[in-house]
Amino acid sequence: MYTSVLTDRRSFIKRMALLSAMTAAATMFPGILFAEEQERGLPKNGNLDWKKAPCRFCGVGCGVLVGIENGKAVAVKGDPKSEVNKGLCCVKGYHSVIAMYGKDRLTKPLIKKNGKYVETSMKEALDLIASKMKETIKDYGKDAVSIYGSGQWTIPDGYVASKLFKGCIGTNNVEANARLCMASAVTGFMTSFGMDEPMGCYEDIDYADVFVLWGNNMAEMHPVLFSRMLDQRSKRNIKIIDLATRTTRTSKASDRSIIFEPQTDLAIANAICYEIIKNGWVNKSFVEKHCNFSKGLTNIGYGLEDKFKFKDKPEKITFEEYKKFLEDYTPEKVSKLSGVSVRDIKYMASYYGDPNKKVMSLWCMGVNQHTRGTWMNNLVYNIHLLTGKISEPGNSPFSLTGQPSACGTVREVGTLTHKLPKGVVMNKKHREIAAKIWDVPVENISPKPTYHTVEMFRALDRGDIKFMWIQVTNPMVTMPKLKRYRDAAKKEGRFIVVSDIYPTPTTDIADVILPSAMWIEREGMYGNSERRTQYFEQMVEPPGESMSDTWQLIEVAKRMGYEKQFYYKEETHIEEIYNEYIQFHKGKKHGMAPLEVLKEESGAIWPYVDGKSTQWRFNSKYDPATTKEGFDFYGKPDGRAVIWQRPYEPAAEVPDSDYPYWLNTGRVIEHWHTGSMTRRIPVLHKAMPYAYVELNPEDAKRMRIKTGDKVKLTTRRGEIIMPASVNERGIPAPMQVFVPFFDENMLINDITLDSFCPISKEPDYKKCAVKVEKV
């Protein structure tokens, strides 16, 4: 196996080397391979067939070229024609094809018989799944069956899953793991603008003067985009501000690192708005023409109890009422709460308020995985709306994603319980559109959402759900308060199907395991963070009896009697599905590019209108969907965005005398999510072989803990022992610890808390109380 290392952006790397910041950054990125030549590492006289695809891993959606030789994927390089990464890729992307060839790859279906897994044929396995679904529906009703998918589903995967479960079976028990990472971004967009997904694009990076990173370690989580920012710093005077709860590689490469107390980002955002108003930096013309002010309920709970319900009650307010509300958020007051100096609060506000500076705000899990995640999204938008810094090149509030198709499949196809490919199940008109395209009676589509992800697994525990099909995700590593849900899956009367490419803790609880085709072993599309849809062809054959998740679902649907709706031919099913799906999005507000365009180009950004991508929405200069001059936030009936009054409220669980530390969880650059693919790439596994707990050096000194010592972490959910990391990659603030979640041998989510944002239902993985002891 061989892969190319990095890129032909020789001039970029040389320019970066001249800068002390980048020189420092290079020493901080042992997991990234920077190379001078794209072709380095390729065999001499090689005769590779290079084919384009989006990268398999994160939501940036880098374009890669995969080298095929003798029916095997043997090399990867960045696609210089890709507008996303311009030929650059991170270390995961450059080793991505190795993940397809692990020795323990699943190649045959397995059925659990008498407690042991037995190999079987794909026909028998699919027959069993279909019969078990029909039996469960007959005995317990349609809402006893469910499917749990992923932001790694391709667009066709998610589309046929939704069509089968919502359209044909008639249950809204469809969820995806993007509920755990992007749901707050969705509800933030919907409440502020009435439409989901960023209004800008990655090209904003080329125009912005200031980048404010809200709890977002981009150097490790989105390194290609971070490199684009550093590239801009080599050309002009830009500023990068890292606002975070721990010191990371991003902090060290930024112009200013600002550390805040967990949960107080709510107060900091309000303090910035206070300063903007106080100093006369409000873009009055923009606000008067294009904004409304609203408030919602407060003290809204944390979702800790089963069957928790919440419905917000928006109420319009005036600018003066909003201004008065902000009096509780002066920099002086917020400094005491957050630990951020008055000077730093005013420093950030001054950039947002400067009409001559273009500002890009970027965030990901820090803002979204938050018990007030919707509010935090609203508050960042408030800053941009008050100053009019939105929907134009370089002025951009930009919510980043973590999975290759969290946007394209979960948010656009609508694979959440309340969603449809266009609109929501609660809306009769939207149900009628879906019924017509799906060729089902409109009565089949239930108007009531059922369970969001956390509640779906709680329902499995209670026995309300009896059957669950899990595809392309590993919830037995990722669910918060994990032990409850792992035990739930093992209960009598539950039937679990898991489609995956490798054994995982999730396949361990399965009754049937289906081997899936991975990435370029099948055909499909992903949709990335900037609304870009990208196509990839099948380049190699999947091993053994492995089958794409799309075709698994189609085969089961046919066995259940839905041949009419699942009419697709195997050789053309992806094209047929895509052409059917894009009927939902016809028009200037969300038109999708034809498949022929996706095959030829490095993706296309929707709305795709008259043969052209719309890079900036809601601005009549760039968006043909607008109906008035200037700005038109057409997701709202009156075309006006909403500035929300959202207060600071504490976390669901805060440190006390028994559990005096904050526990924060997250990722590392070498591994993607639970590591089930990247830990099978030897160079990545060697670089980061196991998880650890980061401690603040002063805390470690006080407890006489050094790197490598065993540390016991205890919360109200349980305990875990893991090695310490002191003064290495990241440095938590005092009385805080950080643990990455990629290691299935150290399941940190056994001890996390399943609290969530009551509006988005997204869990907070960043904050719970923990006791720390040397073993």
# chains A, B, ... in the order shown; residues from 1 in each chain; ligands from 1

$ closest_atom_pairs --of "region 183-291 of chain A" --to "region 732-748 of chain A" --cutoff "7 Å" --atoms "only C-alpha atoms" --output "CSV"
residue,atom,partner,partner_atom,distance
A:Thr245,CA,A:Ala733,CA,6.7
A:Arg246,CA,A:Pro732,CA,4.3
A:Thr247,CA,A:Pro732,CA,6.1

$ select_by_dssp --residues "region 421-644 of chain A" --states "alpha helix (DSSP H)" --output "ChimeraX atom specification"
/A:428-438,453-462,475-478,482-489,549-559,573-581,595-600

$ select_by_dssp --residues "region 348-463 of chain A" --states "strand (DSSP E)" --output "list in words"
Val359, Met360, Ser361, Leu362, Trp363, Ser396, Pro397, Phe398 and Ser399 of chain A

$ residues_around --residues "Ile520 (chain A)" --least-positions-apart "3" --cutoff "8 Å" --atoms "only C-alpha atoms" --output "PyMOL selection string"
chain A and resi 53+523+536-540

$ atom_distance --atom1 "CA of Lys767 (chain A)" --atom2 "CA of Gln369 (chain A)"
9.1 Å

$ closest_residue --among "A:Lys142, A:Arg228, A:Lys771, A:Arg343" --to "Ser657 (chain A)" --atoms "only C-alpha atoms"
A:Lys771

$ decode --residues "region 60-175 of chain A" --atoms "C-alpha atoms" --output "CSV table (one decimal), in the first residue's frame"
chain,number,residue,atom,x,y,z
A,60,VAL,CA,-14.9,20.2,4.8
A,61,GLY,CA,-15.4,18.1,1.7
A,62,CYS,CA,-11.9,18.2,0.3
A,63,GLY,CA,-11.6,17.0,-3.3
A,64,VAL,CA,-9.2,14.1,-3.7
A,65,LEU,CA,-7.9,12.1,-6.6
A,66,VAL,CA,-7.8,8.4,-6.0
A,67,GLY,CA,-5.2,6.3,-7.9
A,68,ILE,CA,-6.5,2.9,-9.1
A,69,GLU,CA,-4.3,0.1,-10.2
A,70,ASN,CA,-5.3,-3.5,-10.9
A,71,GLY,CA,-8.7,-3.0,-9.4
A,72,LYS,CA,-7.4,-1.6,-6.1
A,73,ALA,CA,-7.2,1.9,-4.7
A,74,VAL,CA,-3.5,2.5,-4.0
A,75,ALA,CA,-2.9,6.2,-3.8
A,76,VAL,CA,-4.5,9.5,-2.9
A,77,LYS,CA,-3.6,13.1,-3.7
A,78,GLY,CA,-5.4,16.4,-3.3
A,79,ASP,CA,-7.4,17.5,-6.3
A,80,PRO,CA,-5.9,20.8,-7.6
A,81,LYS,CA,-9.1,21.6,-9.4
A,82,SER,CA,-11.1,21.4,-6.2
A,83,GLU,CA,-12.4,24.8,-5.0
A,84,VAL,CA,-12.5,23.5,-1.5
A,85,ASN,CA,-8.9,22.5,-0.8
A,86,LYS,CA,-7.1,23.5,-4.0
A,87,GLY,CA,-4.9,20.4,-3.9
A,88,LEU,CA,-4.2,20.3,-0.2
A,89,CYS,CA,-5.4,17.6,2.2
A,90,CYS,CA,-4.9,16.7,5.8
A,91,VAL,CA,-3.2,13.5,7.1
A,92,LYS,CA,-6.5,11.6,7.2
A,93,GLY,CA,-7.4,12.4,3.7
A,94,TYR,CA,-4.0,11.4,2.4
A,95,HIS,CA,-4.2,8.0,4.0
A,96,SER,CA,-7.9,7.4,3.4
A,97,VAL,CA,-7.7,4.5,1.0
A,98,ILE,CA,-5.8,2.4,3.6
A,99,ALA,CA,-9.0,2.4,5.7
A,100,MET,CA,-10.6,0.2,3.1
A,101,TYR,CA,-8.1,-2.7,3.5
A,102,GLY,CA,-8.0,-3.6,7.2
A,103,LYS,CA,-7.5,-7.3,7.9
A,104,ASP,CA,-10.7,-7.5,9.9
A,105,ARG,CA,-12.9,-6.0,7.2
A,106,LEU,CA,-16.5,-7.4,7.4
A,107,THR,CA,-17.2,-9.3,4.1
A,108,LYS,CA,-20.0,-11.7,5.0
A,109,PRO,CA,-23.3,-11.2,6.8
A,110,LEU,CA,-23.5,-12.5,10.3
A,111,ILE,CA,-26.5,-13.6,12.3
A,112,LYS,CA,-26.4,-14.2,16.0
A,113,LYS,CA,-27.6,-17.7,16.8
A,114,ASN,CA,-27.5,-19.1,20.4
A,115,GLY,CA,-25.3,-16.2,21.4
A,116,LYS,CA,-22.7,-16.7,18.6
A,117,TYR,CA,-22.3,-15.1,15.2
A,118,VAL,CA,-22.7,-17.4,12.2
A,119,GLU,CA,-21.9,-16.5,8.7
A,120,THR,CA,-24.8,-16.6,6.3
A,121,SER,CA,-25.7,-15.4,2.8
A,122,MET,CA,-26.8,-11.8,2.1
A,123,LYS,CA,-30.2,-13.2,0.8
A,124,GLU,CA,-30.9,-15.0,4.1
A,125,ALA,CA,-29.8,-11.9,6.2
A,126,LEU,CA,-32.0,-9.5,4.2
A,127,ASP,CA,-34.9,-12.0,4.3
A,128,LEU,CA,-34.6,-12.1,8.1
A,129,ILE,CA,-34.5,-8.3,8.4
A,130,ALA,CA,-37.6,-7.9,6.3
A,131,SER,CA,-39.5,-10.6,8.1
A,132,LYS,CA,-38.5,-9.3,11.5
A,133,MET,CA,-39.6,-5.7,10.6
A,134,LYS,CA,-43.0,-7.0,9.3
A,135,GLU,CA,-43.4,-9.1,12.4
A,136,THR,CA,-42.5,-6.2,14.8
A,137,ILE,CA,-45.0,-3.9,13.0
A,138,LYS,CA,-47.7,-6.5,13.1
A,139,ASP,CA,-47.2,-7.2,16.9
A,140,TYR,CA,-46.3,-3.8,18.2
A,141,GLY,CA,-47.2,-1.2,15.5
A,142,LYS,CA,-45.2,0.8,13.0
A,143,ASP,CA,-43.6,3.0,15.7
A,144,ALA,CA,-41.8,0.0,17.2
A,145,VAL,CA,-39.4,-0.1,14.3
A,146,SER,CA,-36.7,2.5,13.7
A,147,ILE,CA,-33.6,3.4,11.7
A,148,TYR,CA,-30.6,5.3,13.0
A,149,GLY,CA,-28.2,6.6,10.3
A,150,SER,CA,-25.5,9.1,9.9
A,151,GLY,CA,-24.0,12.2,8.4
A,152,GLN,CA,-21.8,9.7,6.7
A,153,TRP,CA,-24.8,8.3,4.8
A,154,THR,CA,-24.5,9.3,1.2
A,155,ILE,CA,-27.4,11.3,-0.1
A,156,PRO,CA,-29.0,8.3,-1.8
A,157,ASP,CA,-28.6,6.2,1.5
A,158,GLY,CA,-30.5,8.8,3.5
A,159,TYR,CA,-33.1,9.4,0.8
A,160,VAL,CA,-34.2,5.7,0.5
A,161,ALA,CA,-34.2,5.3,4.3
A,162,SER,CA,-36.6,8.2,4.7
A,163,LYS,CA,-38.7,7.1,1.8
A,164,LEU,CA,-39.0,3.6,3.3
A,165,PHE,CA,-39.7,4.5,6.9
A,166,LYS,CA,-41.6,7.7,6.6
A,167,GLY,CA,-43.3,7.2,3.2
A,168,CYS,CA,-44.0,3.5,3.1
A,169,ILE,CA,-44.0,2.1,6.6
A,170,GLY,CA,-45.4,5.3,8.0
A,171,THR,CA,-43.2,5.9,11.0
A,172,ASN,CA,-41.1,9.0,11.7
A,173,ASN,CA,-38.6,6.9,13.7
A,174,VAL,CA,-35.8,8.1,11.4
A,175,GLU,CA,-32.8,9.8,13.1
